[in-house]
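The structure under discussion appears below in the form of structure tokens.
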Amino acid sequence: MSNTDIVTVKNLSKNYGDITAVNKISFSIRRGEIFGFLGPNGAGKTTTINMMIGLAKPSCGTIVIDGIDAVKNVKKAQSIIGIVPDESNLYNEMDGFNNLCFCGSLYGMRKDVREKKARELLEKFDLAKAGKRPFKAYSKGMRRKLTIAAGIIHEPEILFLDEPTTGIDVESARQIRQMLLQLKQAGTTIFITTHYIEDAERICDRIAFIVDGNIVENGTVSELMKNFTQGHSIRLTADRDLEPLAGELQARFGDCTVKTETDHTITLISRERIPLLPVMEYLDSNGISVYEAKELLPSLEDVFVKVTGLEAAKLKKEKVKEGMVK
Amino acid sequence: MKTWIAFWGILRKDIKNYYLKPPNISWGIIFPLSWTLMQMIRSSGGLDFSEIRHMLPGLMAMSILFGTTSMLAVTITFERKGRSFDRLLLAPISVGTMVAAKLSGAIFFGIFNAFVPVVFAALFVDLAGINWVAMLLAVFLIAVTSTLLGLMIAVSAKEVFEAQTLSNFFRFPMLFLCGLFLPISSLPVFLKPISYLLPLTYGTDLLGAAILGKGVLPPVLSVLILIAFSAILFTLCQYNIRRKWIL
């Protein structure tokens with residue numbers, strides 16, 4: 001465990017009978033970062049988070065949270081963490097304000113302190129007007145926001161969120177992402193599981209991919225993308241159709257694979273870096289103006305698909321269904 | 001201090017959310033009251049108020065048993081199903097503190113239930129001569145053991161209807177086995193050992209000693225046995241919660 005690591009997980013496993021839900025995974029979370037845990041449904045994300053927060057007992061392995069052995073000393077570890085489960089689990093009959101106050105009381109907060117904090121959070125999460133409304137009358141987005149507020153009322157050092165933006169509207173999801181970034185700026189470490197790759201790409205500092213209970217990749221977003229970049233691709237957008245020049249371009253720039261599109265774009269793909277000037281000069285000499293030149297990098301989704309093999313598996317399934325593959 | 005804040009928070013939430021709801025208050029009054037009236041009519045063919053004092057131990061024990069087991073088993077199963085119970089399991093308080101807080105609400109409800117027949121009886125007969133301290137102790141201990149039985153049921157049930165069915169499976173035989181309305185001495189020989197395996201038998205006997213001045217067992221022995229039952233059931237409940245709810 002380095003000085004900057006606040007969570008260290010080593011050889012963590014969870015077996016349910018003969019089924020291995022999580023298989024000897026190891027990773028660490030640095031203080032103050034947003035750590036994304038990505039994987040398809042059933043990959044072991046929720047089982048892992050449940051073991052880290054004390055809702056499931058590991059079959060083997062260790063979890064250390066801020067120097068506390070979270071397997072042996074669950075309650076001490078729980079005092080410094082906040083939890084936002086995948087389903088809003090506040091009390092339907094209670095109003096928003098009282099739900100927050102109740103959650104504060106579970107962490108031993110005094111009445112005046114928790115009431116002040118509850119008011120602040122309702123204001124911050126844009127729920128002040130709904131504070132006296134019963135939780136059951138909240139929309140999905142409001143429910144999720146209040147659940148996050150309940151998870152941070154005691155100002156935890158680490159916040160665990162399980163699928164925080166699943167099933168909510170675009171605006172609420174955007175607000176939640178902003179709130180998480182604000183929490184990060186305030187120094188809170190965040191562990192987030194999601195299968196929304198865009199969410200992870202936008203807010204996570206580092207990401208681990210879990211597939212079938214195993215961590216298959218782990219690193220910063222740029223590291224992951226770099227690892228999966230094969231060669232270089234440049235897309236040029238011109239003022240006219242480049243199709244007539246495709247053959248000539250391929251002949252002149254033989255190291256590149258040239259793909260022309262009908263929308264006035266051309267993509268050059270090469271194993272080595274592509275010098276732009278000769279291409280631009282050639283196009284210019286043919287009276288073609290280039291408006292935009294962009295290096296194409298793989299998206300996190302491309303990395304995810306490659307790492308998880310999800311798309312390939314899906315494709316195979318469809319082909320089997322169509323009788324193309326046995 | 002932090003533990004007490006959490007304890008009181010859970011207890012207060014349960015009382016406000018469940019026990020003080022109008023349907024539960026009315027059920028807590030109507031159920032013991034209707035049983036009292038039914039027993040009075042059954043005993044003489046018409047209303048006979050003179051019998052009411054003799055029926056009090058059984059009526060009180062039954063009111064506590066039904067009040068506590070119903071409420072706790074249902075509320076916990078309900079919270080488990082809605083996953084709000086996870087919030088309590090994730091709080092930095094011991095399982096023992098959390099369980100004690102959940103039990104306390106049901107115990108208060110059971111005590112409230114127990115005094116409905118007493119208040120009703122006080123309107124018609126003289127209750128002088130009752131050992132109120134012993135009666136209160138008996139009510140409290142019956143409430144504790146019955147609530148713990150309710151919790152045992154709650155840990156085993158996944159659905160609210162399952163909790164209700166399981167509760168009835170235990171409660172109705174206890175009405176006949178624990179000396180509430182039939183003396184244990186009149187039970188068949190093979191049923192008597194079962195009676196003495198049930199905590200309600202000792203609670204009812206203690207109530208009989210406090211209200212009527214006639215108990216089968218020495219009151220101190222009944223108190224000790226009820227305390228032992230409470231300790232064993234509390235430990236078992238905690239063990240079951242850790243085993244079944246923290247997977």
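Letters A, B, ... go to the chains of the structure tokens in the order shown; residues in each chain start at 1; ligands are counted from 1 in the same order.
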Write out as CSV a residue-level contact list of chain A versus chain B with cut-off 8 Å: for each qualifying residue the closest pair of atoms and the distance in Å to one decimal, counting only C-alpha atoms, rows sorted by chain and residue number upward.
```
residue,atom,partner,partner_atom,distance
A:Ile53,CA,B:Leu90,CA,7.3
A:Gly54,CA,B:Leu90,CA,6.9
A:Leu55,CA,B:Ile246,CA,5.2
A:Ala56,CA,B:Leu247,CA,4.6
A:Lys57,CA,B:Leu247,CA,5.9
A:Lys75,CA,B:Pro92,CA,4.7
A:Lys76,CA,B:Pro92,CA,6.5
A:Ala77,CA,B:Pro92,CA,7.9
A:Gln78,CA,B:Pro92,CA,5.2
A:Ser79,CA,B:Pro92,CA,5.0
A:Asn89,CA,B:Ser84,CA,4.7
A:Leu90,CA,B:Ser84,CA,5.7
A:Tyr91,CA,B:Ser84,CA,6.6
A:Glu93,CA,B:Asn17,CA,6.9
A:Met94,CA,B:Asn17,CA,7.5
A:Phe102,CA,B:Gly9,CA,6.2
A:Ser105,CA,B:Ala6,CA,5.1
A:Leu106,CA,B:Ala6,CA,4.4
A:Tyr107,CA,B:Pro92,CA,6.5
A:Gly108,CA,B:Lys2,CA,3.9
A:Met109,CA,B:Lys2,CA,7.0
A:Arg110,CA,B:Ile5,CA,7.2
```
Selection near Leu221 in chain B, 12 Å with only C-alpha atoms, sequence-local residues under 6 positions removed, as a PyMOL selection string:
chain B and resi 202-203+205-206+215+227-228
Would you save the residues from that selection as a short mmCIF file (atom, residue, chain, number, x, y, z; two decimals), in the first residue's frame, using N, CA and C atoms?
```
data_model
loop_
_atom_site.label_atom_id
_atom_site.label_comp_id
_atom_site.auth_asym_id
_atom_site.auth_seq_id
_atom_site.Cartn_x
_atom_site.Cartn_y
_atom_site.Cartn_z
N TYR B 202 -43.80 -19.47 31.45
CA TYR B 202 -43.25 -18.87 32.68
C TYR B 202 -43.78 -17.45 32.87
N GLY B 203 -43.95 -16.74 31.77
CA GLY B 203 -44.49 -15.38 31.85
C GLY B 203 -45.93 -15.37 32.33
N ASP B 205 -47.39 -17.70 34.07
CA ASP B 205 -47.39 -18.14 35.47
C ASP B 205 -47.03 -16.98 36.40
N LEU B 206 -46.07 -16.19 35.95
CA LEU B 206 -45.64 -15.02 36.74
C LEU B 206 -46.77 -13.99 36.83
N GLY B 215 -49.39 -18.90 41.50
CA GLY B 215 -48.56 -19.36 40.40
C GLY B 215 -48.11 -20.77 40.68
N ILE B 227 -35.30 -14.56 31.93
CA ILE B 227 -34.07 -13.82 31.60
C ILE B 227 -33.13 -14.71 30.78
N ALA B 228 -33.05 -15.99 31.18
CA ALA B 228 -32.19 -16.93 30.44
C ALA B 228 -32.70 -17.10 29.01
#
```
Which polymer residues have any atom within 6 Å of an atom of range 143-146 of chain B, counting only C-alpha atoms, with same-chain residues fewer than 3 positions away left out, as a ChimeraX atom specification?
/B:64-65,107,110,140,149,230
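Omitting range 228-240 of chain A and its sequence neighbours fewer than 3 positions away, and counting only C-alpha atoms, the residues within 8 Å are A:Leu224, A:Met225, A:His264, A:Thr265, A:Ile266, A:Thr267, A:Leu268, A:Ile269, A:Ser270, A:Arg271, A:Glu272, A:Arg273, A:Ile274, A:Ile288, A:Ser289, A:Val290, A:Tyr291, A:Glu292, A:Ala293, A:Lys294, A:Glu295, A:Leu296, A:Leu297, A:Pro298, A:Val303.
Across the model, the gap from CA of Leu159 in chain A to CA of Val7 in chain A is 11.5 Å.
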Excluding Thr147 in chain B and its own-chain neighbours fewer than 4 positions away, which residues fall within 9 Å of it when counting only C-alpha atoms? Please give them as a PyMOL selection string.
chain B and resi 64-65+67-73+103-104+106-107+110+142-143+151-152
Non-local contacts of Gly151 in chain A (6 Å; only C-alpha atoms; under 4 positions in same chain excluded) as a ChimeraX atom specification
/A:82-84
Could you write out the selected residues, including all heavy atoms, as a short mmCIF file (atom, residue, chain, number, x, y, z; two decimals), in the first residue's frame?
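Final file, out_37.cif:
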```
data_model
loop_
_atom_site.label_atom_id
_atom_site.label_comp_id
_atom_site.auth_asym_id
_atom_site.auth_seq_id
_atom_site.Cartn_x
_atom_site.Cartn_y
_atom_site.Cartn_z
N GLY A 82 -19.17 6.12 3.01
CA GLY A 82 -20.56 6.42 2.69
C GLY A 82 -20.99 5.48 1.58
O GLY A 82 -20.16 5.08 0.76
N ILE A 83 -22.25 5.12 1.59
CA ILE A 83 -22.71 4.12 0.63
C ILE A 83 -23.96 4.59 -0.10
O ILE A 83 -24.93 5.02 0.53
CB ILE A 83 -22.98 2.77 1.34
CG1 ILE A 83 -21.68 2.26 1.97
CG2 ILE A 83 -23.54 1.74 0.38
CD1 ILE A 83 -21.81 1.77 3.35
N VAL A 84 -23.91 4.48 -1.41
CA VAL A 84 -25.10 4.77 -2.22
C VAL A 84 -25.39 3.51 -3.03
O VAL A 84 -24.69 3.20 -3.99
CB VAL A 84 -24.85 5.97 -3.17
CG1 VAL A 84 -26.09 6.27 -3.99
CG2 VAL A 84 -24.42 7.19 -2.38
#
```
Name the residues of range 43-138 of chain B that come out as alpha helix (DSSP H) in a backbone DSSP run; write them as a VMD selection string.
chain B and resid 43 to 44 52 to 81 84 to 89 95 to 122 132 to 138
For the residues selected in the previous step, produce a file with C-alpha atoms as a PDB file, in the first residue's frame.
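Written file, result.pdb:
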```pdb
ATOM      1  CA  SER B  43     -67.434 -18.061  30.468  1.00  0.00           C
ATOM      2  CA  SER B  44     -71.093 -17.605  31.421  1.00  0.00           C
ATOM      3  CA  ILE B  52     -62.510 -10.832  34.214  1.00  0.00           C
ATOM      4  CA  ARG B  53     -59.758 -10.743  36.832  1.00  0.00           C
ATOM      5  CA  HIS B  54     -59.155 -14.503  36.484  1.00  0.00           C
ATOM      6  CA  MET B  55     -58.843 -14.122  32.743  1.00  0.00           C
ATOM      7  CA  LEU B  56     -56.434 -11.183  32.906  1.00  0.00           C
ATOM      8  CA  PRO B  57     -53.115 -13.157  32.937  1.00  0.00           C
ATOM      9  CA  GLY B  58     -54.074 -15.119  29.818  1.00  0.00           C
ATOM     10  CA  LEU B  59     -55.509 -12.100  28.019  1.00  0.00           C
ATOM     11  CA  MET B  60     -52.488  -9.962  28.796  1.00  0.00           C
ATOM     12  CA  ALA B  61     -50.024 -12.674  27.733  1.00  0.00           C
ATOM     13  CA  MET B  62     -51.932 -13.257  24.500  1.00  0.00           C
ATOM     14  CA  SER B  63     -52.122  -9.537  23.712  1.00  0.00           C
ATOM     15  CA  ILE B  64     -48.366  -9.179  24.146  1.00  0.00           C
ATOM     16  CA  LEU B  65     -47.610 -12.297  22.127  1.00  0.00           C
ATOM     17  CA  PHE B  66     -49.717 -11.252  19.148  1.00  0.00           C
ATOM     18  CA  GLY B  67     -48.763  -7.578  19.296  1.00  0.00           C
ATOM     19  CA  THR B  68     -45.008  -8.082  19.420  1.00  0.00           C
ATOM     20  CA  THR B  69     -44.596 -11.017  17.051  1.00  0.00           C
ATOM     21  CA  SER B  70     -46.866  -9.510  14.382  1.00  0.00           C
ATOM     22  CA  MET B  71     -45.296  -6.104  14.369  1.00  0.00           C
ATOM     23  CA  LEU B  72     -41.643  -7.043  14.478  1.00  0.00           C
ATOM     24  CA  ALA B  73     -41.823  -9.902  11.986  1.00  0.00           C
ATOM     25  CA  VAL B  74     -43.784  -7.782   9.523  1.00  0.00           C
ATOM     26  CA  THR B  75     -41.796  -4.552   9.858  1.00  0.00           C
ATOM     27  CA  ILE B  76     -38.427  -6.263   9.540  1.00  0.00           C
ATOM     28  CA  THR B  77     -39.518  -8.374   6.571  1.00  0.00           C
ATOM     29  CA  PHE B  78     -40.950  -5.206   5.001  1.00  0.00           C
ATOM     30  CA  GLU B  79     -37.694  -3.302   5.516  1.00  0.00           C
ATOM     31  CA  ARG B  80     -35.660  -6.240   4.250  1.00  0.00           C
ATOM     32  CA  LYS B  81     -37.728  -6.427   1.090  1.00  0.00           C
ATOM     33  CA  SER B  84     -33.934  -0.115   3.807  1.00  0.00           C
ATOM     34  CA  PHE B  85     -32.781  -2.656   6.387  1.00  0.00           C
ATOM     35  CA  ASP B  86     -29.386  -2.686   4.620  1.00  0.00           C
ATOM     36  CA  ARG B  87     -28.979   0.901   5.790  1.00  0.00           C
ATOM     37  CA  LEU B  88     -29.058  -0.348   9.393  1.00  0.00           C
ATOM     38  CA  LEU B  89     -26.634  -3.175   8.645  1.00  0.00           C
ATOM     39  CA  VAL B  95     -25.524  -5.745  15.268  1.00  0.00           C
ATOM     40  CA  GLY B  96     -26.452  -6.059  18.955  1.00  0.00           C
ATOM     41  CA  THR B  97     -27.242  -2.346  19.260  1.00  0.00           C
ATOM     42  CA  MET B  98     -29.258  -2.368  16.045  1.00  0.00           C
ATOM     43  CA  VAL B  99     -31.201  -5.463  17.119  1.00  0.00           C
ATOM     44  CA  ALA B 100     -31.838  -3.990  20.572  1.00  0.00           C
ATOM     45  CA  ALA B 101     -33.207  -0.793  19.015  1.00  0.00           C
ATOM     46  CA  LYS B 102     -35.512  -2.732  16.683  1.00  0.00           C
ATOM     47  CA  LEU B 103     -36.694  -4.870  19.601  1.00  0.00           C
ATOM     48  CA  SER B 104     -37.388  -1.909  21.867  1.00  0.00           C
ATOM     49  CA  GLY B 105     -40.172  -0.526  19.676  1.00  0.00           C
ATOM     50  CA  ALA B 106     -41.945  -3.875  19.580  1.00  0.00           C
ATOM     51  CA  ILE B 107     -41.486  -4.313  23.338  1.00  0.00           C
ATOM     52  CA  PHE B 108     -43.155  -0.943  24.003  1.00  0.00           C
ATOM     53  CA  PHE B 109     -45.966  -1.910  21.654  1.00  0.00           C
ATOM     54  CA  GLY B 110     -46.380  -5.227  23.483  1.00  0.00           C
ATOM     55  CA  ILE B 111     -46.510  -3.481  26.871  1.00  0.00           C
ATOM     56  CA  PHE B 112     -49.130  -1.074  25.528  1.00  0.00           C
ATOM     57  CA  ASN B 113     -51.163  -4.054  24.268  1.00  0.00           C
ATOM     58  CA  ALA B 114     -50.909  -5.778  27.659  1.00  0.00           C
ATOM     59  CA  PHE B 115     -52.526  -2.902  29.513  1.00  0.00           C
ATOM     60  CA  VAL B 116     -55.586  -2.641  27.262  1.00  0.00           C
ATOM     61  CA  PRO B 117     -57.360  -5.541  29.063  1.00  0.00           C
ATOM     62  CA  VAL B 118     -56.176  -4.144  32.421  1.00  0.00           C
ATOM     63  CA  VAL B 119     -57.724  -0.722  31.737  1.00  0.00           C
ATOM     64  CA  PHE B 120     -60.899  -2.394  30.509  1.00  0.00           C
ATOM     65  CA  ALA B 121     -61.071  -4.625  33.592  1.00  0.00           C
ATOM     66  CA  ALA B 122     -60.490  -1.657  35.907  1.00  0.00           C
ATOM     67  CA  TRP B 132     -48.094  -4.198  40.190  1.00  0.00           C
ATOM     68  CA  VAL B 133     -44.308  -4.388  40.270  1.00  0.00           C
ATOM     69  CA  ALA B 134     -44.333  -8.141  39.652  1.00  0.00           C
ATOM     70  CA  MET B 135     -46.996  -7.667  36.981  1.00  0.00           C
ATOM     71  CA  LEU B 136     -44.938  -5.014  35.192  1.00  0.00           C
ATOM     72  CA  LEU B 137     -41.862  -7.226  35.362  1.00  0.00           C
ATOM     73  CA  ALA B 138     -43.830 -10.159  33.950  1.00  0.00           C
TER      74      ALA B 138
END
```
